[in-house]
Amino acid sequence: MRYGRVIEGVFLERPNRFIAYCDIDGNREKVHVKNTGRCKELLVPGAKVYLSVSDNPERSTKWDLIAVRKGDRLINMDSQVPNDVAAESLRNIPLFSGITEIRREFRYGNSRIDIMASDQRNRYLIEVKGVTLENDGVAMFPDAPTERGAKHLRELISSIDDGYVPCILFVIQMGDVHHFEPNRITDPAFSDTLKEARDAGVNVLAYTCRVTPDSLELSDPVEVLL
């Protein structure tokens, strides 16, 4: 997945979930934050950020904040792109290497599951979660309690009885992490439900990404520790 024009800036502050102020070429500018999570460990004053330039002249903000440097690590924090990245690279994941169909935003039960894919033998329901939280080389999800995330896991469990092969794919929006684990301190309910889902037969996958200021691409599998 590749963005259009991307520029550098310096993060100043974030008054709410949707906007932030950044220094761009010495000017204080309002930008749109493409992630409604907390991201407190990422968006710290003085952090170098990367912003994609909107091609919509009617927008009140000209820029979207898409990536940030945390020390030497570049992290994409655009919560809208993991689904695109997963769909682009799905056939590179061994479990899905033979798929012949990909459908996005697939209605199942009371939810829209991110991807339904099928091959000659199986139908796969794939829920995609973007991961931006990292601590000492460990990728973690979520960074804030997510009742919706646990709901999707329960839907995946129920899909087994309907003949689907359910999967949850954690797209880690950075590289160079040791493993992935659920963030039990922040959301013990999600952590428990993820383990329940794995034990019930839901495939739990986690992949790092190759990240540049203007691109994100699925890279390598990492171990999932529950």
# chains A, B, ... in the order shown; residues from 1 in each chain; ligands from 1
$ residues_around --residues "stretch 100-114 of chain A" --least-positions-apart "5" --cutoff "7 Å" --atoms "only C-alpha atoms" --output "ChimeraX atom specification"
/A:83,119,125-128
$ residues_around --residues "A:Pro221" --least-positions-apart "3" --cutoff "12 Å" --atoms "only C-alpha atoms" --output "count of residues only"
23
$ atom_distance --atom1 "atom CA of A:Asp220" --atom2 "atom CA of A:Gln80"
20.4 Å
$ residues_around --residues "A:Ser79" --least-positions-apart "3" --cutoff "9 Å" --atoms "only C-alpha atoms" --output "MDAnalysis selection string"
chainID A and resid 34:37 66 76 82:83 129:132
$ write_last_selection --atoms "N, CA and C atoms" --output "short mmCIF file (atom, residue, chain, number, x, y, z; two decimals), in the first residue's frame"
data_model
loop_
_atom_site.label_atom_id
_atom_site.label_comp_id
_atom_site.auth_asym_id
_atom_site.auth_seq_id
_atom_site.Cartn_x
_atom_site.Cartn_y
_atom_site.Cartn_z
N LYS A 34 -5.36 9.87 11.70
CA LYS A 34 -6.05 8.71 11.13
C LYS A 34 -5.98 7.50 12.07
N ASN A 35 -6.20 7.77 13.35
CA ASN A 35 -6.24 6.71 14.35
C ASN A 35 -6.91 7.29 15.58
N THR A 36 -8.04 6.70 15.99
CA THR A 36 -8.75 7.24 17.15
C THR A 36 -8.32 6.59 18.46
N GLY A 37 -7.32 5.70 18.41
CA GLY A 37 -6.79 5.10 19.63
C GLY A 37 -6.02 6.12 20.45
N ILE A 66 -0.04 10.01 9.41
CA ILE A 66 -0.07 8.58 9.09
C ILE A 66 1.06 7.78 9.74
N ASN A 76 3.74 3.05 11.38
CA ASN A 76 2.57 3.56 10.68
C ASN A 76 1.40 3.49 11.64
N PRO A 82 -4.60 -1.18 7.50
CA PRO A 82 -4.32 -2.61 7.68
C PRO A 82 -5.19 -3.53 6.85
N ASN A 83 -6.47 -3.19 6.68
CA ASN A 83 -7.34 -4.02 5.83
C ASN A 83 -6.85 -4.06 4.39
N LYS A 129 -6.84 -6.68 12.58
CA LYS A 129 -6.61 -5.68 13.61
C LYS A 129 -5.23 -5.04 13.39
N GLY A 130 -5.21 -3.71 13.30
CA GLY A 130 -3.95 -2.99 13.19
C GLY A 130 -3.32 -2.82 14.56
N VAL A 131 -2.01 -3.02 14.64
CA VAL A 131 -1.29 -2.96 15.92
C VAL A 131 -0.24 -1.85 15.85
N THR A 132 -0.37 -0.88 16.75
CA THR A 132 0.61 0.21 16.80
C THR A 132 1.33 0.29 18.15
#
$ residues_around --residues "A:Ala150" --least-positions-apart "4" --cutoff "12 Å" --atoms "only C-alpha atoms" --output "list in words"
Ser111, Glu127, Lys129, Phe141, Pro142, Pro145, Thr146, Arg154, Glu155, Leu156, Ile157, Ile168, Pro182, Asp187, Pro188, Ala189, Phe190, Ser191, Asp192, Thr193, Leu194, Lys195, Glu196 and Ala197 of chain A
$ decode --residues "stretch 172-191 of chain A" --atoms "N, CA, C and O atoms" --output "PDB file, in the first residue's frame"
ATOM      1  N   ILE A 172       0.859  -5.840  12.322  1.00  0.00           N
ATOM      2  CA  ILE A 172       1.727  -5.033  13.188  1.00  0.00           C
ATOM      3  C   ILE A 172       2.364  -3.966  12.317  1.00  0.00           C
ATOM      4  O   ILE A 172       3.164  -4.262  11.433  1.00  0.00           O
ATOM      5  N   GLN A 173       1.988  -2.712  12.567  1.00  0.00           N
ATOM      6  CA  GLN A 173       2.337  -1.623  11.648  1.00  0.00           C
ATOM      7  C   GLN A 173       3.738  -1.083  11.908  1.00  0.00           C
ATOM      8  O   GLN A 173       3.984   0.120  11.942  1.00  0.00           O
ATOM      9  N   MET A 174       4.659  -2.029  12.069  1.00  0.00           N
ATOM     10  CA  MET A 174       6.076  -1.724  12.282  1.00  0.00           C
ATOM     11  C   MET A 174       6.852  -3.011  12.043  1.00  0.00           C
ATOM     12  O   MET A 174       6.263  -4.087  11.854  1.00  0.00           O
ATOM     13  N   GLY A 175       8.166  -2.928  12.058  1.00  0.00           N
ATOM     14  CA  GLY A 175       9.002  -4.110  11.933  1.00  0.00           C
ATOM     15  C   GLY A 175       9.777  -4.359  13.212  1.00  0.00           C
ATOM     16  O   GLY A 175       9.658  -3.634  14.196  1.00  0.00           O
ATOM     17  N   ASP A 176      10.575  -5.442  13.199  1.00  0.00           N
ATOM     18  CA  ASP A 176      11.538  -5.715  14.263  1.00  0.00           C
ATOM     19  C   ASP A 176      10.886  -5.830  15.635  1.00  0.00           C
ATOM     20  O   ASP A 176      11.228  -5.096  16.567  1.00  0.00           O
ATOM     21  N   VAL A 177       9.921  -6.750  15.764  1.00  0.00           N
ATOM     22  CA  VAL A 177       9.378  -7.075  17.081  1.00  0.00           C
ATOM     23  C   VAL A 177       9.619  -8.556  17.349  1.00  0.00           C
ATOM     24  O   VAL A 177       9.718  -9.365  16.423  1.00  0.00           O
ATOM     25  N   HIS A 178       9.728  -8.912  18.633  1.00  0.00           N
ATOM     26  CA  HIS A 178      10.032 -10.294  19.010  1.00  0.00           C
ATOM     27  C   HIS A 178       8.813 -11.200  18.859  1.00  0.00           C
ATOM     28  O   HIS A 178       8.907 -12.323  18.366  1.00  0.00           O
ATOM     29  N   HIS A 179       7.671 -10.735  19.352  1.00  0.00           N
ATOM     30  CA  HIS A 179       6.459 -11.534  19.297  1.00  0.00           C
ATOM     31  C   HIS A 179       5.259 -10.614  19.525  1.00  0.00           C
ATOM     32  O   HIS A 179       5.414  -9.414  19.773  1.00  0.00           O
ATOM     33  N   PHE A 180       4.082 -11.207  19.429  1.00  0.00           N
ATOM     34  CA  PHE A 180       2.841 -10.474  19.694  1.00  0.00           C
ATOM     35  C   PHE A 180       2.138 -11.098  20.886  1.00  0.00           C
ATOM     36  O   PHE A 180       2.151 -12.321  21.069  1.00  0.00           O
ATOM     37  N   GLU A 181       1.507 -10.245  21.704  1.00  0.00           N
ATOM     38  CA  GLU A 181       0.655 -10.749  22.775  1.00  0.00           C
ATOM     39  C   GLU A 181      -0.476  -9.760  23.031  1.00  0.00           C
ATOM     40  O   GLU A 181      -0.331  -8.556  22.764  1.00  0.00           O
ATOM     41  N   PRO A 182      -1.629 -10.237  23.524  1.00  0.00           N
ATOM     42  CA  PRO A 182      -2.717  -9.315  23.843  1.00  0.00           C
ATOM     43  C   PRO A 182      -2.341  -8.459  25.057  1.00  0.00           C
ATOM     44  O   PRO A 182      -1.575  -8.896  25.923  1.00  0.00           O
ATOM     45  N   ASN A 183      -2.895  -7.269  25.091  1.00  0.00           N
ATOM     46  CA  ASN A 183      -2.595  -6.325  26.164  1.00  0.00           C
ATOM     47  C   ASN A 183      -3.533  -6.590  27.344  1.00  0.00           C
ATOM     48  O   ASN A 183      -4.575  -5.957  27.487  1.00  0.00           O
ATOM     49  N   ARG A 184      -3.141  -7.543  28.172  1.00  0.00           N
ATOM     50  CA  ARG A 184      -4.004  -7.974  29.267  1.00  0.00           C
ATOM     51  C   ARG A 184      -4.238  -6.869  30.285  1.00  0.00           C
ATOM     52  O   ARG A 184      -5.327  -6.775  30.873  1.00  0.00           O
ATOM     53  N   ILE A 185      -3.250  -6.024  30.526  1.00  0.00           N
ATOM     54  CA  ILE A 185      -3.412  -4.974  31.531  1.00  0.00           C
ATOM     55  C   ILE A 185      -4.500  -3.992  31.110  1.00  0.00           C
ATOM     56  O   ILE A 185      -5.340  -3.591  31.909  1.00  0.00           O
ATOM     57  N   THR A 186      -4.502  -3.619  29.839  1.00  0.00           N
ATOM     58  CA  THR A 186      -5.474  -2.646  29.346  1.00  0.00           C
ATOM     59  C   THR A 186      -6.850  -3.260  29.135  1.00  0.00           C
ATOM     60  O   THR A 186      -7.870  -2.627  29.425  1.00  0.00           O
ATOM     61  N   ASP A 187      -6.892  -4.497  28.620  1.00  0.00           N
ATOM     62  CA  ASP A 187      -8.185  -5.105  28.280  1.00  0.00           C
ATOM     63  C   ASP A 187      -8.149  -6.604  28.570  1.00  0.00           C
ATOM     64  O   ASP A 187      -7.988  -7.420  27.663  1.00  0.00           O
ATOM     65  N   PRO A 188      -8.309  -6.985  29.837  1.00  0.00           N
ATOM     66  CA  PRO A 188      -8.282  -8.418  30.164  1.00  0.00           C
ATOM     67  C   PRO A 188      -9.389  -9.206  29.488  1.00  0.00           C
ATOM     68  O   PRO A 188      -9.210 -10.387  29.178  1.00  0.00           O
ATOM     69  N   ALA A 189     -10.541  -8.582  29.241  1.00  0.00           N
ATOM     70  CA  ALA A 189     -11.650  -9.301  28.604  1.00  0.00           C
ATOM     71  C   ALA A 189     -11.278  -9.703  27.176  1.00  0.00           C
ATOM     72  O   ALA A 189     -11.569 -10.821  26.749  1.00  0.00           O
ATOM     73  N   PHE A 190     -10.643  -8.796  26.425  1.00  0.00           N
ATOM     74  CA  PHE A 190     -10.223  -9.142  25.069  1.00  0.00           C
ATOM     75  C   PHE A 190      -9.183 -10.252  25.111  1.00  0.00           C
ATOM     76  O   PHE A 190      -9.228 -11.194  24.304  1.00  0.00           O
ATOM     77  N   SER A 191      -8.252 -10.171  26.042  1.00  0.00           N
ATOM     78  CA  SER A 191      -7.217 -11.190  26.155  1.00  0.00           C
ATOM     79  C   SER A 191      -7.829 -12.559  26.423  1.00  0.00           C
ATOM     80  O   SER A 191      -7.459 -13.563  25.793  1.00  0.00           O
TER      81      SER A 191
END
